[in-house]
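Below is one structure; the comments refer to it alone.
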Amino acid sequence: MSGTYNAGGEGPPIETKSQLIGHIAAGEKPEGQWRIGTEHEKFGFALKDHAPLPYESDGPSVRKLLEGLTRFGWEAVEENGKPVALKRDGGSITLEPGGQFELSGAPVETLHETCREVNGHLREVREVADEVGAGFLGLGFSPKWSLEETPMMPKDRYNIMKAYMPKVGTLGHQMMFRSCTVQTNLDFSSEADMVKKMRVSLALQPIATALFANSPFGDGKPNGFLSYRAHVWTDTDNNRTGMLPFAFEEGFGYEQYVDWALDAPMYFVKRNSVYEDASGLSFRDFLKGELPILPGELPVLSDWEDHLSTLFPEVRLKTFLEQRGADGGPWNRLCALPAFWVGLLYDQSALNAAWDLVKDWTAEERDAMRLGAAKTALKTPFRNTNLQDIAQQALAISRAGLKARQRLNAHGENEALFLDDLDEIAKTGISPAERLLERYHGAWGESVEPIFDEAAY
């Protein structure tokens, strides 16, 4: 059985900005209903020659993987008659432009459940991948394939994005086709709670980038960065990315984020299952019935949801908050990222302590940390110290927050155990990318080929 995407344009029209604000505000949940969502992307490759996976081929392919995974109860979602996603029990598997597989996990109550979900997913993927001769790689950036060698997936929205990206930045195609991330989606109870979590998350996003830095290669050699994925975002499209300095201004709330979103150029509008090119157009005009490609027509809620999903700040607000600053990596760090953020944001004492840590940082300092983390990770200077010291302080706060939550597994262990690997990285000050570079210049003989074994799931 196959599902299809929403055809677009369905539902009552949106006529006022207050409706857009109300949609985000409707995400408020009491603490007892807060959940954890984890998303991660990974690169598929052919075991035989380490080539990227095409959508369709006689050999290993993305389509064969999607179809093979349906044996585990996943329902295929089709576009133009081709499976491009899978859905099951509140979770989904989707395709990024270059064939990266993304698991968007179902909302769960504890990090123990998150880790079980990730482990179960990787077992399923590994079973099907072994059968078709494919593997999956946990890195933040494609280590070997050029843009020209990277296939494009058959999703119409990506055609629009691909054509628009060169108009607004130099690295948008690198982001689309060659990067992988892991991110966490978390809830808020009120506008004030959202604001505090947004500010803490934005300020500490460079710390996550530094701890998870795992993309030092491109085109078969070192690229000069420890998180090239993070660097790519600095020149993708500055109208829809970045550290949102206005979030730290007095009076920030839902309306100010909506105003920013309204001013970010659109990508597309979906009508009758067709993606209409709206790149560079204004949602404000759409709200007035003045969108040139749909004259006289007003948006519906799915149009607003689509638009929010095409904004890419370091922390994104929908009906929940998405922390987006980390490189993809091995399975244990897929559990560590949500642990880091849950510990900081889901315990009030920890959230207060985290805010005390970051509240006097300036916009210029936050931007410098973001740029520095991509280049030098935990060795990035900050005031009279560096990001290693800040990371250790943030991890201590997070660990205290997780212990306070008292969510125990069957062995009586609390969720703080998922921070152990990050504590080791922060203690040494050596990022995962630097470990990879050590092996590249040593045991690997300046070849990236061994990474397809050592960084494979």
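So you can find residues: chains in the structure tokens are A, B, ... in the order shown, residues in each start at 1, and ligands are numbered from 1 in order.
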
Every residue of range 141-225 of chain A that DSSP places in strand (DSSP E), as a compact mmCIF listing (two decimals) with C-alpha atoms, in the first residue's frame:
# COMPACT_ATOMS: atom_id res chain seq x y z
CA THR A 181 23.19 16.40 10.07
CA VAL A 182 21.65 15.13 13.27
CA GLN A 183 19.10 17.34 14.99
CA THR A 184 16.76 17.34 17.96
CA ASN A 185 13.15 18.53 18.12
CA LEU A 186 11.88 19.65 21.53
CA PHE A 217 37.03 15.86 4.05
CA GLY A 218 35.71 16.73 0.61
CA LYS A 221 41.15 15.21 0.74
CA PRO A 222 41.05 17.51 3.79

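Every protein or nucleic acid residue with an atom no more than 9 Å from range 45-49 of chain A, counting only C-alpha atoms and leaving out same-chain residues fewer than 6 positions away, appears here: Gly59, Pro60, Ser61, Asp130, Val132, Gly133, Ala134, Gly135, Phe136, Leu137 and Phe452 of chain A.
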
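The smallest atom-to-atom distance between Lys196 in chain A and any of A:Leu69, A:Leu351, A:Ile14, A:Ile21, using only C-alpha atoms, is found for A:Leu351.
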
For the interface of range 255-275 of chain A with range 149-169 of chain A (cut-off 10 Å, counting only C-alpha atoms), please tabulate each contacting residue of range 255-275 of chain A alongside its nearest pair of atoms and their separation in Å to one decimal, rows sorted by chain and increasing number, as a tab-separated table.
residue	atom	partner	partner_atom	distance
A:Tyr267	CA	A:Met161	CA	6.7
A:Phe268	CA	A:Arg157	CA	7.2
A:Val269	CA	A:Arg157	CA	9.3
A:Lys270	CA	A:Arg157	CA	9.1
A:Ser273	CA	A:Asp156	CA	9.9
A:Val274	CA	A:Asp156	CA	7.9
A:Tyr275	CA	A:Arg157	CA	6.2

Dump N, CA and C atoms for the selected residues as a PDB file, in the first residue's frame?
ATOM      1  N   TYR A 267      10.134  29.393  -1.599  1.00  0.00           N
ATOM      2  CA  TYR A 267      10.662  28.470  -2.598  1.00  0.00           C
ATOM      3  C   TYR A 267       9.569  28.019  -3.575  1.00  0.00           C
ATOM      4  N   PHE A 268       8.436  27.570  -3.004  1.00  0.00           N
ATOM      5  CA  PHE A 268       7.421  26.940  -3.849  1.00  0.00           C
ATOM      6  C   PHE A 268       6.051  27.032  -3.199  1.00  0.00           C
ATOM      7  N   VAL A 269       5.037  26.756  -3.993  1.00  0.00           N
ATOM      8  CA  VAL A 269       3.671  26.543  -3.522  1.00  0.00           C
ATOM      9  C   VAL A 269       3.192  25.259  -4.187  1.00  0.00           C
ATOM     10  N   LYS A 270       2.543  24.413  -3.423  1.00  0.00           N
ATOM     11  CA  LYS A 270       2.067  23.151  -3.985  1.00  0.00           C
ATOM     12  C   LYS A 270       0.569  23.227  -4.265  1.00  0.00           C
ATOM     13  N   SER A 273      -0.873  18.623  -6.430  1.00  0.00           N
ATOM     14  CA  SER A 273       0.294  17.735  -6.415  1.00  0.00           C
ATOM     15  C   SER A 273       1.446  18.233  -7.273  1.00  0.00           C
ATOM     16  N   VAL A 274       1.409  19.494  -7.680  1.00  0.00           N
ATOM     17  CA  VAL A 274       2.472  20.085  -8.485  1.00  0.00           C
ATOM     18  C   VAL A 274       3.142  21.193  -7.679  1.00  0.00           C
ATOM     19  N   TYR A 275       4.471  21.183  -7.679  1.00  0.00           N
ATOM     20  CA  TYR A 275       5.220  22.251  -7.019  1.00  0.00           C
ATOM     21  C   TYR A 275       5.370  23.424  -7.983  1.00  0.00           C
TER      22      TYR A 275
END

Polymer residues at most 12 Å from His441 in chain A, only C-alpha atoms, same-chain spacing of 5 or more positions, as a ChimeraX atom specification: /A:221-222,434-436,446-448,450

Restricting it to C-alpha atoms, dump the selection as a compact mmCIF listing (two decimals), in the first residue's frame.
# COMPACT_ATOMS: atom_id res chain seq x y z
CA LYS A 221 41.15 15.21 0.74
CA PRO A 222 41.05 17.51 3.79
CA GLU A 434 40.57 15.74 14.28
CA ARG A 435 40.63 12.02 15.07
CA LEU A 436 39.74 11.30 11.44
CA GLU A 446 46.37 10.07 2.96
CA SER A 447 43.44 8.22 1.42
CA VAL A 448 39.78 8.63 2.38
CA PRO A 450 39.24 3.56 4.67

For Thr114 in chain A, the nearest of the candidates A:Asp219, A:Glu131, A:Glu415, A:Asp58, counting only C-alpha atoms: A:Glu415

All alpha helix (DSSP H) residues (DSSP, backbone) inside range 91-133 of chain A, as a VMD selection string: chain A and resid 111 to 132

How would the residues just picked look written out with C-alpha atoms as a PDB file, in the first residue's frame?
ATOM      1  CA  LEU A 111      16.249   9.248  25.604  1.00  0.00           C
ATOM      2  CA  HIS A 112      16.258   5.502  26.251  1.00  0.00           C
ATOM      3  CA  GLU A 113      13.389   5.229  23.765  1.00  0.00           C
ATOM      4  CA  THR A 114      15.239   7.474  21.328  1.00  0.00           C
ATOM      5  CA  CYS A 115      18.269   5.212  21.390  1.00  0.00           C
ATOM      6  CA  ARG A 116      16.144   2.079  20.935  1.00  0.00           C
ATOM      7  CA  GLU A 117      14.487   3.701  17.950  1.00  0.00           C
ATOM      8  CA  VAL A 118      17.828   4.648  16.373  1.00  0.00           C
ATOM      9  CA  ASN A 119      19.272   1.185  16.977  1.00  0.00           C
ATOM     10  CA  GLY A 120      16.192  -0.515  15.529  1.00  0.00           C
ATOM     11  CA  HIS A 121      16.267   1.707  12.464  1.00  0.00           C
ATOM     12  CA  LEU A 122      19.948   1.048  11.794  1.00  0.00           C
ATOM     13  CA  ARG A 123      19.396  -2.727  12.120  1.00  0.00           C
ATOM     14  CA  GLU A 124      16.605  -2.585   9.548  1.00  0.00           C
ATOM     15  CA  VAL A 125      18.609  -0.424   7.173  1.00  0.00           C
ATOM     16  CA  ARG A 126      21.680  -2.641   7.539  1.00  0.00           C
ATOM     17  CA  GLU A 127      19.684  -5.791   6.720  1.00  0.00           C
ATOM     18  CA  VAL A 128      18.324  -4.343   3.480  1.00  0.00           C
ATOM     19  CA  ALA A 129      21.581  -2.607   2.554  1.00  0.00           C
ATOM     20  CA  ASP A 130      23.570  -5.840   2.930  1.00  0.00           C
ATOM     21  CA  GLU A 131      21.192  -7.582   0.537  1.00  0.00           C
ATOM     22  CA  VAL A 132      21.550  -4.965  -2.220  1.00  0.00           C
TER      23      VAL A 132
END

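Residues in contact with Asn239 in chain A at 7 Å, where only C-alpha atoms are counted and same-chain residues fewer than 2 positions away are skipped, are listed as Asp237, Thr241 and Ala264 of chain A.
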
Coordinates-based distance that separates CA of Met198 in chain A from CA of Phe225 in chain A (Å, one decimal): 26.8 Å

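In terms of minimum interatomic distance to Ile293 in chain A, A:Met266 ranks closest within A:Met266, A:Ala377, A:Leu344, A:Leu311, counting only C-alpha atoms.
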
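Minimum distance to Asp423 in chain A across A:Leu95, A:Asp389, A:Gly296, A:Leu408 (counting only C-alpha atoms) occurs at A:Asp389.
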
Length of the CA of Arg35 in chain A to CA of Phe188 in chain A vector [Å]: 9.7 Å

Of the listed residues A:Leu103, A:Lys359, A:Asp347, A:Ala247, that which approaches Gln406 in chain A most closely, counting only C-alpha atoms: A:Asp347

Selection: 8 Å around Trp331 in chain A, only C-alpha atoms, excl. self and same-chain fewer than 2 positions, as JSON, numbers by chain: {"A": [118, 119, 138, 329, 333, 334, 335, 457]}
